[in-house]
Amino acid sequence: MVLAGRSRRAISKRRSTLTLQDFLVPVWAQKMLVAALIAATCLTVFLSYVWVQAEINEAAAERRSWQRTLRRTIDEHESLQFQLSALQSSSRIEQEAVERLGMTEPSQVIFVNPFSQ
C-alpha cells in the first residue's frame, strides 16, 4: 500500500532516523531558558535564606523567653532558700515552740545512760 506517494518502509525509515536539526532550539529560546533557570535558582536561594533567617529569629525569641523563665525561677529559688534558712534557725524554732505550742524552758534536766543496767 502506498500513502501519498511513499511506501511504509520509507515512512518508518524516516521516523527512525532523527537528525540534530529535529532537536535544535532557537538561540533566543535557549537564552530565555537559561535566564529562567538562573532566575529560579536565585529565587530558591533567596527563599531558603529568608526561611533560615525566620527560623533563627524564632529560635532566638524562644531562647529569650526560656532565659526569662529561668531567671524568674532562680530568683524564686533564692527567695525560698532564704525563707527556709530563716525558718530553720534555732531562734525561730524556739519562738514557735513557745508561742504556738506553749512549751516552756525545762526546770529539770535528767541525763540517762543507755548502757547502764
# chains A, B, ... in the order shown; residues from 1 in each chain; ligands from 1
call {"tool": "closest_atom_pairs", "arguments": {"of": "range 56-84 of chain A", "to": "range 88-112 of chain A", "cutoff": "10 Å", "atoms": "only C-alpha atoms", "output": "JSON lines"}}
result
{"residue": "A:Phe82", "atom": "CA", "partner": "A:Gln88", "partner_atom": "CA", "distance": 10.0}
{"residue": "A:Gln83", "atom": "CA", "partner": "A:Gln88", "partner_atom": "CA", "distance": 8.6}
{"residue": "A:Leu84", "atom": "CA", "partner": "A:Gln88", "partner_atom": "CA", "distance": 6.1}
call {"tool": "write_last_selection", "arguments": {"atoms": "C-alpha atoms", "output": "compact mmCIF listing (two decimals), in the first residue's frame"}}
result
# COMPACT_ATOMS: atom_id res chain seq x y z
CA PHE A 82 16.32 32.49 102.32
CA GLN A 83 12.89 31.80 103.83
CA LEU A 84 13.89 28.21 104.58
call {"tool": "select_by_dssp", "arguments": {"residues": "chain A", "states": "strand (DSSP E or B)", "output": "count of residues only"}}
result
4
call {"tool": "select_by_dssp", "arguments": {"residues": "range 7-104 of chain A", "states": "alpha helix (DSSP H)", "output": "number ranges by chain"}}
result
A: 8-16, 27-88, 90-99
call {"tool": "closest_atom_pairs", "arguments": {"of": "range 46-80 of chain A", "to": "range 37-41 of chain A", "cutoff": "12 Å", "atoms": "only C-alpha atoms", "output": "JSON lines"}}
result
{"residue": "A:Phe46", "atom": "CA", "partner": "A:Thr41", "partner_atom": "CA", "distance": 8.6}
{"residue": "A:Leu47", "atom": "CA", "partner": "A:Thr41", "partner_atom": "CA", "distance": 9.9}
{"residue": "A:Ser48", "atom": "CA", "partner": "A:Thr41", "partner_atom": "CA", "distance": 10.5}
call {"tool": "write_last_selection", "arguments": {"atoms": "N, CA and C atoms", "output": "PDB file, in the first residue's frame"}}
result
ATOM      1  N   PHE A  46      17.253  32.650  47.542  1.00  0.00           N
ATOM      2  CA  PHE A  46      16.735  33.758  48.347  1.00  0.00           C
ATOM      3  C   PHE A  46      15.667  33.277  49.324  1.00  0.00           C
ATOM      4  N   LEU A  47      14.730  32.470  48.858  1.00  0.00           N
ATOM      5  CA  LEU A  47      13.669  31.974  49.748  1.00  0.00           C
ATOM      6  C   LEU A  47      14.226  31.054  50.831  1.00  0.00           C
ATOM      7  N   SER A  48      15.237  30.278  50.494  1.00  0.00           N
ATOM      8  CA  SER A  48      15.879  29.429  51.509  1.00  0.00           C
ATOM      9  C   SER A  48      16.550  30.284  52.569  1.00  0.00           C
TER      10      SER A  48
END
